[in-house]
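Trainee: Just start02.txt, nothing more (compact mmCIF, C-alpha atoms):
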# COMPACT_ATOMS: atom_id res chain seq x y z
CA MET R 12 7.07 -5.12 -9.72
CA ARG R 13 6.87 -1.56 -8.38
CA TYR R 14 3.45 -2.11 -6.75
CA ALA R 15 4.37 -5.25 -4.81
CA LYS R 16 6.38 -3.50 -2.10
CA TYR R 17 3.32 -1.48 -1.12
CA LEU R 18 1.28 -4.64 -0.56
CA ILE R 19 3.73 -6.49 1.69
CA PHE R 20 3.38 -5.29 5.28
CA THR R 21 6.84 -5.79 6.68
CA LEU R 22 8.82 -4.35 3.80
CA LEU R 23 7.47 -1.02 4.95
CA LEU R 24 9.71 -1.35 8.01
CA VAL R 25 12.95 -1.82 6.12
CA GLY R 26 15.25 1.11 5.48
CA ASN R 27 18.81 2.34 5.80
CA ILE R 28 18.62 5.36 8.08
CA ALA R 29 20.55 7.31 10.68
CA PHE R 30 19.26 6.49 14.15
CA SER R 31 18.46 8.90 16.95
CA ASP R 32 20.74 8.77 19.98
CA ASP R 33 17.64 7.83 21.95
CA SER R 34 16.86 4.73 19.86
CA ILE R 35 16.85 1.35 21.60
CA SER R 36 17.68 -2.09 20.24
CA LEU R 37 14.36 -3.94 20.16
CA VAL R 38 16.22 -7.24 20.41
CA ASP R 39 17.23 -6.29 23.98
CA VAL R 40 13.76 -5.09 25.06
CA GLU R 41 11.80 -7.32 27.44
CA ASP R 42 9.46 -9.91 25.94
CA ILE R 43 5.74 -9.94 26.71
CA VAL R 44 4.78 -12.67 29.19
CA PRO R 45 2.75 -14.66 28.40
CA ASN R 46 3.54 -14.49 24.69
CA PRO R 47 0.46 -13.34 22.71
CA LEU R 48 1.07 -15.75 19.80
CA ARG R 49 -1.28 -18.76 19.70
CA VAL R 50 -1.41 -21.81 17.43
CA GLY R 51 -4.59 -21.71 15.35
CA GLU R 52 -4.71 -17.93 15.05
CA LYS R 53 -5.82 -16.81 11.58
CA LEU R 54 -5.99 -13.12 10.67
CA THR R 55 -7.49 -11.90 7.37
CA TYR R 56 -7.00 -8.37 6.03
CA ASP R 57 -8.81 -6.41 3.34
CA ILE R 58 -6.37 -4.38 1.23
CA ARG R 59 -7.53 -1.18 -0.44
CA TRP R 60 -5.68 1.07 -2.89
CA LYS R 61 -7.03 4.53 -3.67
CA LYS R 62 -10.23 3.46 -1.86
CA LEU R 63 -10.59 0.50 -4.26
CA PRO R 64 -10.76 -3.09 -2.93
CA ALA R 65 -7.40 -4.41 -4.14
CA GLY R 66 -6.86 -7.76 -2.44
CA LYS R 67 -6.73 -9.91 0.68
CA ARG R 68 -4.02 -11.17 2.98
CA THR R 69 -4.28 -14.04 5.49
CA ASP R 70 -1.70 -14.75 8.21
CA SER R 71 -1.99 -18.08 10.07
CA ILE R 72 -0.09 -19.74 12.92
CA LEU R 73 -0.67 -23.27 11.64
CA LYS R 74 0.96 -25.63 14.14
CA LYS R 75 3.98 -26.49 16.25
CA GLU R 76 6.83 -28.39 14.58
CA VAL R 77 10.45 -29.32 15.18
CA VAL R 78 12.95 -27.79 12.72
CA ASN R 79 16.73 -28.16 13.13
CA GLY R 80 16.12 -29.55 16.60
CA LYS R 81 14.07 -26.51 17.71
CA ASP R 82 10.41 -26.31 18.70
CA VAL R 83 8.94 -23.73 16.33
CA TYR R 84 5.66 -22.28 15.11
CA HIS R 85 4.88 -22.94 11.44
CA ILE R 86 3.44 -19.64 10.20
CA GLN R 87 1.96 -19.02 6.75
CA SER R 88 1.00 -15.83 4.96
CA GLU R 89 -0.96 -15.71 1.70
CA MET R 90 -1.80 -12.59 -0.27
CA LYS R 91 -3.29 -11.91 -3.68
CA THR R 92 -5.00 -9.16 -5.60
CA ARG R 93 -8.71 -9.48 -6.31
CA SER R 94 -9.79 -11.01 -9.61
CA LEU R 95 -11.66 -7.79 -10.43
CA PHE R 96 -8.60 -5.63 -9.69
CA ARG R 97 -7.29 -5.40 -13.25
CA VAL R 98 -4.78 -2.61 -12.61
CA TYR R 99 -2.29 -5.05 -11.17
CA SER R 100 -1.92 -8.82 -10.58
CA PHE R 101 0.06 -10.10 -7.61
CA ARG R 102 0.20 -13.33 -5.57
CA ASN R 103 2.46 -14.10 -2.66
CA GLN R 104 2.85 -17.05 -0.31
CA GLN R 105 5.28 -17.09 2.60
CA GLU R 106 6.19 -19.95 4.91
CA MET R 107 8.10 -19.22 8.10
CA TYR R 108 9.27 -21.27 11.07
CA PHE R 109 9.51 -19.09 14.18
CA ASP R 110 11.25 -19.93 17.46
CA PRO R 111 8.95 -18.53 20.21
CA MET R 112 11.74 -18.76 22.80
CA THR R 113 14.27 -16.59 20.95
CA LEU R 114 11.67 -14.69 18.87
CA SER R 115 13.74 -15.40 15.76
CA PRO R 116 13.06 -17.20 12.47
CA VAL R 117 14.66 -20.57 11.77
CA ARG R 118 13.58 -20.92 8.14
CA PHE R 119 11.76 -18.69 5.64
CA GLU R 120 10.39 -19.21 2.13
CA ASN R 121 8.80 -16.60 -0.13
CA HIS R 122 7.00 -17.45 -3.38
CA VAL R 123 6.06 -14.44 -5.53
CA GLN R 124 4.05 -14.08 -8.75
CA ASP R 125 4.19 -10.45 -9.81
CA ARG R 126 2.38 -10.30 -13.15
CA LYS R 127 4.71 -12.44 -15.37
CA TYR R 128 7.61 -12.33 -12.92
CA ARG R 129 8.23 -15.39 -10.72
CA ALA R 130 10.60 -15.72 -7.78
CA THR R 131 11.29 -18.06 -4.88
CA VAL R 132 13.47 -17.07 -1.94
CA LYS R 133 14.66 -19.54 0.70
CA ILE R 134 16.57 -18.57 3.84
CA ASP R 135 17.99 -20.87 6.52
CA PHE R 136 18.92 -18.97 9.67
CA ARG R 137 21.88 -20.20 11.67
CA GLU R 138 23.97 -18.73 14.48
CA GLY R 139 25.72 -15.70 13.05
CA GLU R 140 24.82 -16.43 9.42
CA ALA R 141 22.02 -17.25 7.00
CA GLY R 142 22.00 -19.39 3.88
CA TYR R 143 20.22 -17.42 1.16
CA GLU R 144 18.94 -18.63 -2.21
CA LYS R 145 16.83 -16.84 -4.81
CA ILE R 146 15.54 -18.35 -8.06
CA SER R 147 13.68 -16.02 -10.43
CA ARG R 148 12.35 -15.56 -13.97
CA LEU R 149 11.27 -12.28 -15.58
CA LYS R 150 8.74 -14.20 -17.68
CA PRO R 151 7.60 -17.86 -17.66
CA LYS R 152 9.88 -18.70 -20.64
CA SER R 153 12.79 -16.45 -19.62
CA PRO R 154 16.13 -17.98 -18.51
CA GLN R 155 16.19 -18.83 -14.83
CA LYS R 156 18.42 -16.75 -12.57
CA ARG R 157 19.86 -18.23 -9.39
CA GLU R 158 21.57 -16.36 -6.58
CA ALA R 159 23.03 -18.25 -3.61
CA LYS R 160 25.17 -16.91 -0.79
CA VAL R 161 25.88 -16.98 2.92
CA ILE R 162 25.10 -13.74 4.74
CA GLU R 163 26.49 -12.66 8.11
CA ILE R 164 23.65 -11.67 10.43
CA PRO R 165 23.49 -10.08 13.88
CA VAL R 166 21.64 -11.68 16.79
CA GLY R 167 17.86 -11.31 16.48
CA THR R 168 17.74 -10.80 12.71
CA GLN R 169 14.18 -11.06 11.37
CA ASP R 170 12.74 -11.84 7.94
CA GLU R 171 9.87 -10.14 6.11
CA LEU R 172 7.18 -12.21 7.88
CA SER R 173 8.72 -12.86 11.30
CA THR R 174 8.99 -9.09 11.88
CA ILE R 175 5.26 -8.90 12.61
CA TYR R 176 5.40 -11.64 15.26
CA PHE R 177 8.62 -10.26 16.74
CA LEU R 178 7.02 -6.82 17.24
CA ARG R 179 3.88 -8.34 18.74
CA SER R 180 6.00 -10.15 21.33
CA LYS R 181 7.91 -7.12 22.64
CA GLN R 182 7.13 -4.57 25.35
CA LEU R 183 6.71 -1.23 23.59
CA THR R 184 6.71 2.13 25.38
CA LEU R 185 4.77 5.16 24.20
CA GLY R 186 7.24 7.54 22.55
CA GLY R 187 9.91 4.85 22.28
CA ILE R 188 12.18 4.67 19.22
CA TYR R 189 13.43 1.17 18.43
CA PHE R 190 15.67 -0.48 15.85
CA PHE R 191 16.33 -4.08 14.85
CA PRO R 192 17.94 -6.05 11.97
CA VAL R 193 15.87 -7.43 9.07
CA LEU R 194 17.09 -9.67 6.24
CA ALA R 195 15.26 -8.63 3.05
CA LYS R 196 16.20 -8.50 -0.63
CA GLY R 197 19.38 -10.45 0.11
CA LYS R 198 20.78 -7.89 2.57
CA VAL R 199 20.62 -7.11 6.27
CA HIS R 200 18.89 -3.77 6.84
CA LYS R 201 18.46 -1.70 9.97
CA ALA R 202 14.76 -1.12 10.52
CA THR R 203 13.35 1.40 12.94
CA LEU R 204 9.97 2.28 14.35
CA THR R 205 8.54 4.85 16.72
CA VAL R 206 5.63 4.25 19.08
CA GLU R 207 3.89 7.43 18.02
CA ARG R 208 0.70 7.55 20.08
CA MET R 209 -2.24 5.67 21.56
CA GLU R 210 -5.47 5.74 19.57
CA PHE R 211 -8.90 4.14 19.84
CA VAL R 212 -9.87 2.40 16.59
CA LYS R 213 -13.26 1.04 15.55
CA ASN R 214 -12.91 -2.36 13.87
CA LYS R 215 -15.79 -4.43 12.51
CA VAL R 216 -14.41 -7.60 14.12
CA LEU R 217 -13.09 -6.34 17.45
CA GLY R 218 -15.29 -3.31 18.00
CA ARG R 219 -13.70 -0.25 19.61
CA VAL R 220 -10.16 -1.09 20.74
CA LYS R 221 -7.22 0.86 22.14
CA THR R 222 -4.15 0.63 19.91
CA LEU R 223 -0.51 1.66 19.76
CA VAL R 224 0.29 3.52 16.54
CA LEU R 225 3.70 2.55 15.18
CA ARG R 226 5.48 4.64 12.54
CA SER R 227 8.16 2.93 10.47
CA SER R 228 11.36 4.30 8.97
CA ARG R 229 9.69 4.22 5.54
CA GLY R 230 6.74 6.39 6.56
CA GLY R 231 4.14 3.64 6.99
CA ARG R 232 1.94 3.43 10.08
CA PHE R 233 0.26 0.45 11.64
CA TRP R 234 -1.99 -0.06 14.64
CA ILE R 235 -1.51 -2.89 17.18
CA THR R 236 -4.05 -3.52 19.94
CA ASP R 237 -2.76 -2.39 23.33
CA ASP R 238 -3.88 -5.54 25.12
CA ALA R 239 -2.79 -9.15 25.69
CA ARG R 240 -3.57 -10.12 22.06
CA ARG R 241 -1.34 -7.51 20.37
CA LEU R 242 -3.28 -7.86 17.13
CA PRO R 243 -2.30 -5.76 14.08
CA VAL R 244 -5.63 -4.20 13.11
CA LYS R 245 -4.73 -1.57 10.51
CA LEU R 246 -1.92 -0.39 8.25
CA GLU R 247 -1.62 2.69 6.05
CA PHE R 248 1.09 3.77 3.63
CA ASP R 249 1.11 6.82 1.39
CA SER R 250 2.85 6.32 -1.96
CA LYS R 251 3.09 8.07 -5.33
CA MET R 252 0.29 5.74 -6.45
CA GLY R 253 -2.02 6.77 -3.61
CA THR R 254 -2.81 5.47 -0.14
CA VAL R 255 -2.63 1.73 0.50
CA LYS R 256 -4.65 0.48 3.48
CA ALA R 257 -4.95 -2.96 5.09
CA THR R 258 -7.67 -3.56 7.69
CA LEU R 259 -8.32 -6.62 9.84
CA SER R 260 -11.59 -8.09 8.57
CA GLU R 261 -11.71 -11.63 10.02
CA ILE R 262 -10.15 -13.40 12.97
CA GLU R 263 -10.16 -17.08 13.91
CA PRO R 264 -10.86 -18.26 16.49
CA GLU R 265 -13.36 -15.49 17.13
CA ASN R 266 -12.76 -13.47 20.29
Reformat the file's structure so that it appears as C-alpha cells.
Mentor:
Amino acid sequence: MRYAKYLIFTLLLVGNIAFSDDSISLVDVEDIVPNPLRVGEKLTYDIRWKKLPAGKRTDSILKKEVVNGKDVYHIQSEMKTRSLFRVYSFRNQQEMYFDPMTLSPVRFENHVQDRKYRATVKIDFREGEAGYEKISRLKPKSPQKREAKVIEIPVGTQDELSTIYFLRSKQLTLGGIYFFPVLAKGKVHKATLTVERMEFVKNKVLGRVKTLVLRSSRGGRFWITDDARRLPVKLEFDSKMGTVKATLSEIEPEN
C-alpha cells in the first residue's frame, strides 16, 4: 500500500507540523463569491510516475441532493492505474456530499483496492463530531477487520476529497500561510499550505493560464488557476520512488 498515498491528491496536504506565527485559519478566510463550483463539472487528470503514464483520475460534481436535511453537492472521484502499468495496481472510488454554504462535507465514502488489499471507509459528519467506520481485508479471503468510533472534530473539518473543493472556494493571498483540519486515516490532522507564487502554465485543455502555486506541509505542490474557475491544473510530488505528476487533461463542459 506504500504507493497509494502518492496517487491520492489530498493526502499530500495532511501532516502534523508546527505552524508559523503568521499562519491563518483557512476556515475563517473569506469565501469566493460567486462560488466557482458548478454541477456538471468533470475534470480528468493524467497521472505519471517517473515519466511513465501510470493512471487516470476523474473528479465530477454530479448533482444536487438533500442529505440530512441539507442541500448538498454529490461529488465523485474515481482513480485507477493503467492496465499496462504492471508495477502497481490501484483503484479508488470516493463519494462525497458537500455543503456549498458551509464549505464542509456532510458524508464521505472511500472504496480502495490496493493490489489484494480492500477497504471501505464511511464518515458521517455532524456538529462537533463524526461517525467513522472502516472495514478492511488484507487479502480477499483474509478475516475482515472493522473499526468504528466517534471522533471529535473542530468546525470546518474536511475529508480527503472535500479538501480540494474547500480550497477552491477560498480567497487565497500570495505569500499567505494557511492551516485547516482534515479527517484522514481515522484521525483529525492539521494541514497547512503556503501560496508560494504566481506562475503561467501551459495546459493542453486551457491553453496558457495564470495559476497560484500552493505548497503543502508534505512537500507537494499544486497549481490552481487564478481566475473565477479556480481549476486545479497540475500537481507534483517528489518521493523516494520518483516524481509523481497529475495534469488536467480533459474538462467537461468545455470552456
Trainee: For atom CA of R:Lys75 and atom CA of R:His122, quote the distance in Å rounded to one decimal.
Mentor: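 Atom CA of R:His122 lies 21.8 Å from atom CA of R:Lys75.
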Trainee: When you count all atoms listed in the file, which of these residues is closest to R:Arg232: R:Glu207, R:Glu247, R:Asp125, R:Glu106?
Mentor: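 Ranked by minimum distance to R:Arg232, first place goes to R:Glu247.
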Trainee: Pick out the closest residue to R:Ser228 from this set: R:Leu242, R:Phe190, R:Pro264, R:Pro64. Count only C-alpha atoms.
Mentor: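 Selected residue with least distance to R:Ser228: R:Phe190.
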Trainee: Compare R:Lys67, R:Arg129, R:Arg226, R:Lys81 by their minimum atom-to-atom distance to R:Leu204, counting only C-alpha atoms, and give me the closest one.
Mentor: R:Arg226
Trainee: Write out as a ChimeraX atom specification each polymer residue whose atoms come within 7 Å of R:Ala195, counting only C-alpha atoms; drop sequence neighbours fewer than 3 positions from it.
Mentor: /R:170-171,198-199
Trainee: Counting only C-alpha atoms, which residue out of R:Asp57, R:Asp249, R:Asp238, R:Glu41 sits closest to R:Lys221?
Mentor: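 Smallest distance to R:Lys221 is found for R:Asp238.
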Trainee: Between R:Phe177, R:Tyr128, R:Tyr143, R:Phe119, which residue has the minimum interatomic distance to R:Arg241, considering only C-alpha atoms?
Mentor: R:Phe177
Trainee: Since the input is missing atoms for stretch 128-154 of chain R, could you rebuild it with N, CA and C atoms and give the result as a PDB file, in the frame of the given file?
Mentor:
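So rebuild.pdb came out as:
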ATOM      1  N   TYR R 128       6.390 -12.041 -13.690  1.00  0.00           N
ATOM      2  CA  TYR R 128       7.610 -12.330 -12.920  1.00  0.00           C
ATOM      3  C   TYR R 128       7.340 -13.417 -11.892  1.00  0.00           C
ATOM      4  N   ARG R 129       8.310 -14.331 -11.715  1.00  0.00           N
ATOM      5  CA  ARG R 129       8.230 -15.390 -10.720  1.00  0.00           C
ATOM      6  C   ARG R 129       9.526 -15.429  -9.912  1.00  0.00           C
ATOM      7  N   ALA R 130       9.404 -15.623  -8.613  1.00  0.00           N
ATOM      8  CA  ALA R 130      10.600 -15.720  -7.780  1.00  0.00           C
ATOM      9  C   ALA R 130      10.325 -16.561  -6.545  1.00  0.00           C
ATOM     10  N   THR R 131      11.343 -17.310  -6.125  1.00  0.00           N
ATOM     11  CA  THR R 131      11.290 -18.060  -4.880  1.00  0.00           C
ATOM     12  C   THR R 131      12.549 -17.750  -4.081  1.00  0.00           C
ATOM     13  N   VAL R 132      12.350 -17.357  -2.838  1.00  0.00           N
ATOM     14  CA  VAL R 132      13.470 -17.070  -1.940  1.00  0.00           C
ATOM     15  C   VAL R 132      13.410 -18.054  -0.777  1.00  0.00           C
ATOM     16  N   LYS R 133      14.565 -18.649  -0.449  1.00  0.00           N
ATOM     17  CA  LYS R 133      14.660 -19.540   0.700  1.00  0.00           C
ATOM     18  C   LYS R 133      15.815 -19.080   1.583  1.00  0.00           C
ATOM     19  N   ILE R 134      15.547 -18.999   2.886  1.00  0.00           N
ATOM     20  CA  ILE R 134      16.570 -18.570   3.840  1.00  0.00           C
ATOM     21  C   ILE R 134      16.594 -19.543   5.008  1.00  0.00           C
ATOM     22  N   ASP R 135      17.769 -20.060   5.323  1.00  0.00           N
ATOM     23  CA  ASP R 135      17.990 -20.870   6.520  1.00  0.00           C
ATOM     24  C   ASP R 135      18.821 -20.046   7.491  1.00  0.00           C
ATOM     25  N   PHE R 136      18.246 -19.777   8.660  1.00  0.00           N
ATOM     26  CA  PHE R 136      18.920 -18.970   9.670  1.00  0.00           C
ATOM     27  C   PHE R 136      19.742 -19.859  10.592  1.00  0.00           C
ATOM     28  N   ARG R 137      20.990 -19.492  10.754  1.00  0.00           N
ATOM     29  CA  ARG R 137      21.880 -20.200  11.670  1.00  0.00           C
ATOM     30  C   ARG R 137      22.547 -19.179  12.589  1.00  0.00           C
ATOM     31  N   GLU R 138      23.309 -19.651  13.548  1.00  0.00           N
ATOM     32  CA  GLU R 138      23.970 -18.730  14.480  1.00  0.00           C
ATOM     33  C   GLU R 138      25.011 -17.898  13.733  1.00  0.00           C
ATOM     34  N   GLY R 139      24.769 -16.610  13.659  1.00  0.00           N
ATOM     35  CA  GLY R 139      25.720 -15.700  13.050  1.00  0.00           C
ATOM     36  C   GLY R 139      25.688 -15.609  11.531  1.00  0.00           C
ATOM     37  N   GLU R 140      24.867 -16.448  10.877  1.00  0.00           N
ATOM     38  CA  GLU R 140      24.820 -16.430   9.420  1.00  0.00           C
ATOM     39  C   GLU R 140      23.496 -16.983   8.920  1.00  0.00           C
ATOM     40  N   ALA R 141      23.237 -16.735   7.633  1.00  0.00           N
ATOM     41  CA  ALA R 141      22.020 -17.250   7.000  1.00  0.00           C
ATOM     42  C   ALA R 141      22.358 -17.718   5.599  1.00  0.00           C
ATOM     43  N   GLY R 142      21.874 -18.901   5.241  1.00  0.00           N
ATOM     44  CA  GLY R 142      22.000 -19.390   3.880  1.00  0.00           C
ATOM     45  C   GLY R 142      20.869 -18.837   3.046  1.00  0.00           C
ATOM     46  N   TYR R 143      21.208 -18.127   1.973  1.00  0.00           N
ATOM     47  CA  TYR R 143      20.220 -17.420   1.160  1.00  0.00           C
ATOM     48  C   TYR R 143      20.236 -17.931  -0.264  1.00  0.00           C
ATOM     49  N   GLU R 144      19.053 -18.213  -0.826  1.00  0.00           N
ATOM     50  CA  GLU R 144      18.940 -18.630  -2.210  1.00  0.00           C
ATOM     51  C   GLU R 144      17.731 -17.974  -2.850  1.00  0.00           C
ATOM     52  N   LYS R 145      17.934 -17.437  -4.047  1.00  0.00           N
ATOM     53  CA  LYS R 145      16.830 -16.840  -4.810  1.00  0.00           C
ATOM     54  C   LYS R 145      16.853 -17.372  -6.230  1.00  0.00           C
ATOM     55  N   ILE R 146      15.710 -17.878  -6.686  1.00  0.00           N
ATOM     56  CA  ILE R 146      15.540 -18.350  -8.060  1.00  0.00           C
ATOM     57  C   ILE R 146      14.419 -17.537  -8.682  1.00  0.00           C
ATOM     58  N   SER R 147      14.676 -16.924  -9.849  1.00  0.00           N
ATOM     59  CA  SER R 147      13.680 -16.020 -10.430  1.00  0.00           C
ATOM     60  C   SER R 147      13.669 -16.115 -11.950  1.00  0.00           C
ATOM     61  N   ARG R 148      12.535 -15.693 -12.523  1.00  0.00           N
ATOM     62  CA  ARG R 148      12.350 -15.560 -13.970  1.00  0.00           C
ATOM     63  C   ARG R 148      11.570 -14.285 -14.244  1.00  0.00           C
ATOM     64  N   LEU R 149      12.007 -13.484 -15.209  1.00  0.00           N
ATOM     65  CA  LEU R 149      11.270 -12.280 -15.580  1.00  0.00           C
ATOM     66  C   LEU R 149       9.939 -12.626 -16.228  1.00  0.00           C
ATOM     67  N   LYS R 150       9.936 -13.703 -17.033  1.00  0.00           N
ATOM     68  CA  LYS R 150       8.740 -14.200 -17.680  1.00  0.00           C
ATOM     69  C   LYS R 150       8.772 -15.733 -17.606  1.00  0.00           C
ATOM     70  N   PRO R 151       7.621 -16.399 -17.772  1.00  0.00           N
ATOM     71  CA  PRO R 151       7.600 -17.860 -17.660  1.00  0.00           C
ATOM     72  C   PRO R 151       8.620 -18.577 -18.546  1.00  0.00           C
ATOM     73  N   LYS R 152       8.936 -18.043 -19.737  1.00  0.00           N
ATOM     74  CA  LYS R 152       9.880 -18.700 -20.640  1.00  0.00           C
ATOM     75  C   LYS R 152      11.271 -18.069 -20.621  1.00  0.00           C
ATOM     76  N   SER R 153      11.473 -17.098 -19.728  1.00  0.00           N
ATOM     77  CA  SER R 153      12.790 -16.450 -19.620  1.00  0.00           C
ATOM     78  C   SER R 153      13.793 -17.397 -18.967  1.00  0.00           C
ATOM     79  N   PRO R 154      15.104 -17.180 -19.199  1.00  0.00           N
ATOM     80  CA  PRO R 154      16.130 -17.980 -18.510  1.00  0.00           C
ATOM     81  C   PRO R 154      16.013 -17.801 -17.002  1.00  0.00           C
TER      82      PRO R 154
END
